[in-house]
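**Q** Mind having a look at this structure? Questions to follow.
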Amino acid sequence: MARLEVGVVGAGRVGAVLAAALRAVGHDVAAAAGESDASVRRMAELLPGVPRRKPTDVARAGNLLLLAVPDDMLSNVVTMLADSGAIHAGQLVVHTSGRHGLAVLEPARAVGARVAAMHPAMTFTGTALDLDRLPGTVFGLTAGAEERPVVESLVADLGGTPMWVPEEMRTLYHAGLAHGANHLVTLVTEAMEILSAAGAADPAGTLRPLLTAALDNALEQGDAALTGPIVRGDLGTVRAHLEDITANAPQTLASYVALARATLDRAVTDGRVVPIRAARIRDLLDAAVAGRPLREPR
């Protein structure tokens, strides 16, 4: 696509990386806004030479305005920029929120801007490492018919893959990503804490081959990839897990029980655990959360 003059409001982990990627393929990043010390450092590392300006000046600087601010701030930022006259007719205004679609950009559209949502389904560190992760990344897109071609071109410039998300499904789309990625981080961190309590010198190294295989299997096979004591109906092992976790890593008990219940429900649904045995496992899980003694499995 034609060379764009890009202004970035929000030089955070996402905004700075996307701006750097667009710059690398020939677009001009005219200015960026970022107030925190971390944002200033990211600009120095990823966008050297790009002037740091206040948001209204950034919005006036280019024909593509990239808004990469937190979800809860986005509406206020758009309204402020539109009301101040910083957004102009014909300008392409794109936000990177997963949750929001086009409705949040209505103040920009009302003054004549072309609007779109472009959310990368990727976790970001805010460093140059992310640039190598963009190729192949899916971008959840929402735009009107006239804006679709230019937004698809932007994604192509970033090396990404477009996925069109209806306006009314944006939040559900984002919930699926957050549940998978954000909660995975919590799960893995807690698993490392349990292994550390068990004496593992390198919990990350212990988990990496197992988790890599489990993730690949889950993505390819879904529920069929489930293994372990819940799916086998191993009451004794589940009881022992609950006792030792309670004694040595109690901060992980709530999520262990919640995920054990969800796993059990799925295993019952597909017939791998019979209901009577599932009921006995649920009794153990309930007792652990309530702090009651765990009965010996019969």
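All residue names refer to the structure tokens as shown: chains lettered A, B, ... in order, residues numbered from 1 in each chain, ligands numbered from 1 in order.
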Leaving out range 32-45 of chain A and any residue of its chain fewer than 4 positions from it, which residues lie within 8 Å of it when counting only C-alpha atoms, given as an MDAnalysis selection string?
**A** chainID A and resid 7:13 16 49:55 58 126:127
**Q** Output the selection as a PDB file, in the first residue's frame - C-alpha atoms for each residue.
**A**
```pdb
ATOM      1  CA  GLY A   7       0.794   8.849  14.525  1.00  0.00           C
ATOM      2  CA  VAL A   8       0.730   6.558  17.562  1.00  0.00           C
ATOM      3  CA  VAL A   9      -1.149   7.410  20.748  1.00  0.00           C
ATOM      4  CA  GLY A  10      -0.015   4.919  23.352  1.00  0.00           C
ATOM      5  CA  ALA A  11       3.615   3.851  22.959  1.00  0.00           C
ATOM      6  CA  GLY A  12       3.037   0.828  25.167  1.00  0.00           C
ATOM      7  CA  ARG A  13       3.899  -2.778  24.489  1.00  0.00           C
ATOM      8  CA  ALA A  16       5.444   0.816  19.972  1.00  0.00           C
ATOM      9  CA  GLY A  49      14.279   9.584  16.220  1.00  0.00           C
ATOM     10  CA  VAL A  50      10.484   9.658  16.415  1.00  0.00           C
ATOM     11  CA  PRO A  51       9.400  12.795  18.289  1.00  0.00           C
ATOM     12  CA  ARG A  52       7.363  12.349  21.462  1.00  0.00           C
ATOM     13  CA  ARG A  53       4.365  14.682  21.395  1.00  0.00           C
ATOM     14  CA  LYS A  54       1.122  15.190  23.266  1.00  0.00           C
ATOM     15  CA  PRO A  55      -1.823  13.143  21.887  1.00  0.00           C
ATOM     16  CA  VAL A  58       0.218  13.171  17.352  1.00  0.00           C
ATOM     17  CA  GLY A 126       7.235  -4.417  24.219  1.00  0.00           C
ATOM     18  CA  THR A 127      10.705  -5.240  22.871  1.00  0.00           C
TER      19      THR A 127
END
```
**Q** Write out as a ChimeraX atom specification the residues lying within 12 Å of range 72-83 of chain A, counting only C-alpha atoms and excluding same-chain residues fewer than 4 positions away.
**A** /A:9-10,33,54-60,65-68,87-89,91,93-113,115,117
**Q** I need the residues of range 29-126 of chain A that end up classed as strand (DSSP E) by DSSP on the backbone, written out as number ranges by chain.
**A** A: 29-33, 64-67, 92-95, 114-120
**Q** For CA of Thr227 in chain A and CA of Leu211 in chain A, quote the distance in Å rounded to one decimal.
**A** 12.5 Å
**Q** To one decimal place in Å, what is the distance between CA of Leu4 in chain A and CA of Thr125 in chain A?
**A**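 That distance, rounded to one decimal, is 25.4 Å.
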**Q** Write down as a PyMOL selection string the residues of range 113-161 of chain A whose backbone DSSP state falls under alpha helix (DSSP H).
**A** chain A and resi 148-157
**Q** Take the residues that were just selected and, keeping N, CA and C atoms, output them as a JSON list (two decimals), in the first residue's frame.
**A**
```json
[["chain", "number", "residue", "atom", "x", "y", "z"],
["A", 148, "ARG", "N", -12.26, -1.89, 4.63],
["A", 148, "ARG", "CA", -11.69, -3.25, 4.68],
["A", 148, "ARG", "C", -10.41, -3.40, 3.87],
["A", 149, "PRO", "N", -10.35, -2.94, 2.64],
["A", 149, "PRO", "CA", -9.12, -3.14, 1.86],
["A", 149, "PRO", "C", -7.89, -2.50, 2.50],
["A", 150, "VAL", "N", -8.02, -1.28, 3.01],
["A", 150, "VAL", "CA", -6.85, -0.61, 3.58],
["A", 150, "VAL", "C", -6.41, -1.29, 4.88],
["A", 151, "VAL", "N", -7.38, -1.77, 5.67],
["A", 151, "VAL", "CA", -7.02, -2.45, 6.91],
["A", 151, "VAL", "C", -6.35, -3.79, 6.60],
["A", 152, "GLU", "N", -6.85, -4.50, 5.62],
["A", 152, "GLU", "CA", -6.20, -5.75, 5.21],
["A", 152, "GLU", "C", -4.79, -5.49, 4.71],
["A", 153, "SER", "N", -4.58, -4.37, 4.04],
["A", 153, "SER", "CA", -3.23, -4.02, 3.57],
["A", 153, "SER", "C", -2.30, -3.74, 4.74],
["A", 154, "LEU", "N", -2.82, -3.07, 5.77],
["A", 154, "LEU", "CA", -2.01, -2.83, 6.96],
["A", 154, "LEU", "C", -1.57, -4.14, 7.59],
["A", 155, "VAL", "N", -2.51, -5.08, 7.71],
["A", 155, "VAL", "CA", -2.19, -6.39, 8.30],
["A", 155, "VAL", "C", -1.17, -7.12, 7.44],
["A", 156, "ALA", "N", -1.32, -7.01, 6.12],
["A", 156, "ALA", "CA", -0.34, -7.65, 5.23],
["A", 156, "ALA", "C", 1.04, -7.03, 5.42],
["A", 157, "ASP", "N", 1.11, -5.71, 5.59],
["A", 157, "ASP", "CA", 2.39, -5.05, 5.82],
["A", 157, "ASP", "C", 3.04, -5.54, 7.12]]
```
**Q** Counting only C-alpha atoms, which residue out of A:Ala143, A:Leu235, A:Leu242, A:Thr212 sits closest to Ser255 in chain A?
**A**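 Ranking A:Ala143, A:Leu235, A:Leu242, A:Thr212 by distance to Ser255 in chain A, first place goes to A:Leu242.
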**Q** What's the 10 Å shell around Ala181 in chain A, counting only C-alpha atoms, without same-chain residues fewer than 6 positions away, as a PDB file with all heavy atoms, in the first residue's frame?
**A**
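Generated file (selection-v4.pdb):
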```
ATOM      1  N   ALA A 121      -3.772 -10.882  17.832  1.00  0.00           N
ATOM      2  CA  ALA A 121      -3.968 -11.998  18.769  1.00  0.00           C
ATOM      3  C   ALA A 121      -2.597 -12.538  19.173  1.00  0.00           C
ATOM      4  O   ALA A 121      -2.185 -13.652  18.814  1.00  0.00           O
ATOM      5  CB  ALA A 121      -4.818 -13.089  18.126  1.00  0.00           C
ATOM      6  N   MET A 122      -1.880 -11.734  19.930  1.00  0.00           N
ATOM      7  CA  MET A 122      -0.511 -12.052  20.320  1.00  0.00           C
ATOM      8  C   MET A 122      -0.224 -11.382  21.652  1.00  0.00           C
ATOM      9  O   MET A 122      -0.759 -10.315  21.946  1.00  0.00           O
ATOM     10  CB  MET A 122       0.478 -11.564  19.251  1.00  0.00           C
ATOM     11  CG  MET A 122       1.955 -11.739  19.586  1.00  0.00           C
ATOM     12  SD  MET A 122       2.411 -13.430  20.048  1.00  0.00           S
ATOM     13  CE  MET A 122       2.093 -14.291  18.495  1.00  0.00           C
ATOM     14  N   THR A 123       0.614 -12.002  22.463  1.00  0.00           N
ATOM     15  CA  THR A 123       1.079 -11.370  23.687  1.00  0.00           C
ATOM     16  C   THR A 123       2.379 -10.634  23.392  1.00  0.00           C
ATOM     17  O   THR A 123       3.204 -11.114  22.609  1.00  0.00           O
ATOM     18  CB  THR A 123       1.270 -12.419  24.804  1.00  0.00           C
ATOM     19  OG1 THR A 123       1.631 -11.764  26.012  1.00  0.00           O
ATOM     20  CG2 THR A 123       2.330 -13.453  24.444  1.00  0.00           C
ATOM     21  N   ALA A 175     -12.565 -12.400  24.903  1.00  0.00           N
ATOM     22  CA  ALA A 175     -12.636 -13.286  26.064  1.00  0.00           C
ATOM     23  C   ALA A 175     -11.958 -14.624  25.774  1.00  0.00           C
ATOM     24  O   ALA A 175     -11.268 -15.188  26.632  1.00  0.00           O
ATOM     25  CB  ALA A 175     -14.090 -13.506  26.476  1.00  0.00           C
ATOM     26  N   LEU A 187      -1.700 -20.206  35.119  1.00  0.00           N
ATOM     27  CA  LEU A 187      -1.610 -21.657  35.314  1.00  0.00           C
ATOM     28  C   LEU A 187      -0.159 -22.127  35.324  1.00  0.00           C
ATOM     29  O   LEU A 187       0.262 -22.878  36.218  1.00  0.00           O
ATOM     30  CB  LEU A 187      -2.389 -22.363  34.199  1.00  0.00           C
ATOM     31  CG  LEU A 187      -2.249 -23.877  34.116  1.00  0.00           C
ATOM     32  CD1 LEU A 187      -2.790 -24.535  35.372  1.00  0.00           C
ATOM     33  CD2 LEU A 187      -2.960 -24.407  32.879  1.00  0.00           C
TER      34      LEU A 187
END
```
**Q** Just the number, please: distance in Å from CA of Pro135 in chain A to CA of Asp223 in chain A, one decimal.
**A**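 Here the two named atoms are 28.6 Å from each other.
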**Q** Calculated over only C-alpha atoms, which of the candidates A:Val165, A:Ala86, A:Leu210, A:Leu219 has the smallest distance to Gly180 in chain A?
**A**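 Checking each of A:Val165, A:Ala86, A:Leu210, A:Leu219 against Gly180 in chain A, counting only C-alpha atoms, the winner is A:Leu219.
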**Q** Here is a test: counting only C-alpha atoms, which residue of A:Gly140, A:Leu226, A:Thr206, A:Leu92 is nearest to Ala262 in chain A?
**A**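 For Ala262 in chain A, the nearest of the candidates is A:Leu226.
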**Q** Which residue, A:Ala19, A:Leu207, A:Leu64, A:Ile276, has the smallest gap to Pro48 in chain A when you use only C-alpha atoms?
**A**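 Of all the options, A:Ala19 lies closest to Pro48 in chain A.
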**Q** Of the candidates A:Leu177, A:Ala201, A:Leu158, A:Pro229, which shows the shortest atom-to-atom distance to Asp130 in chain A, using only C-alpha atoms?
**A**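 When distances to Asp130 in chain A are compared using only C-alpha atoms, the smallest one comes from A:Leu158.
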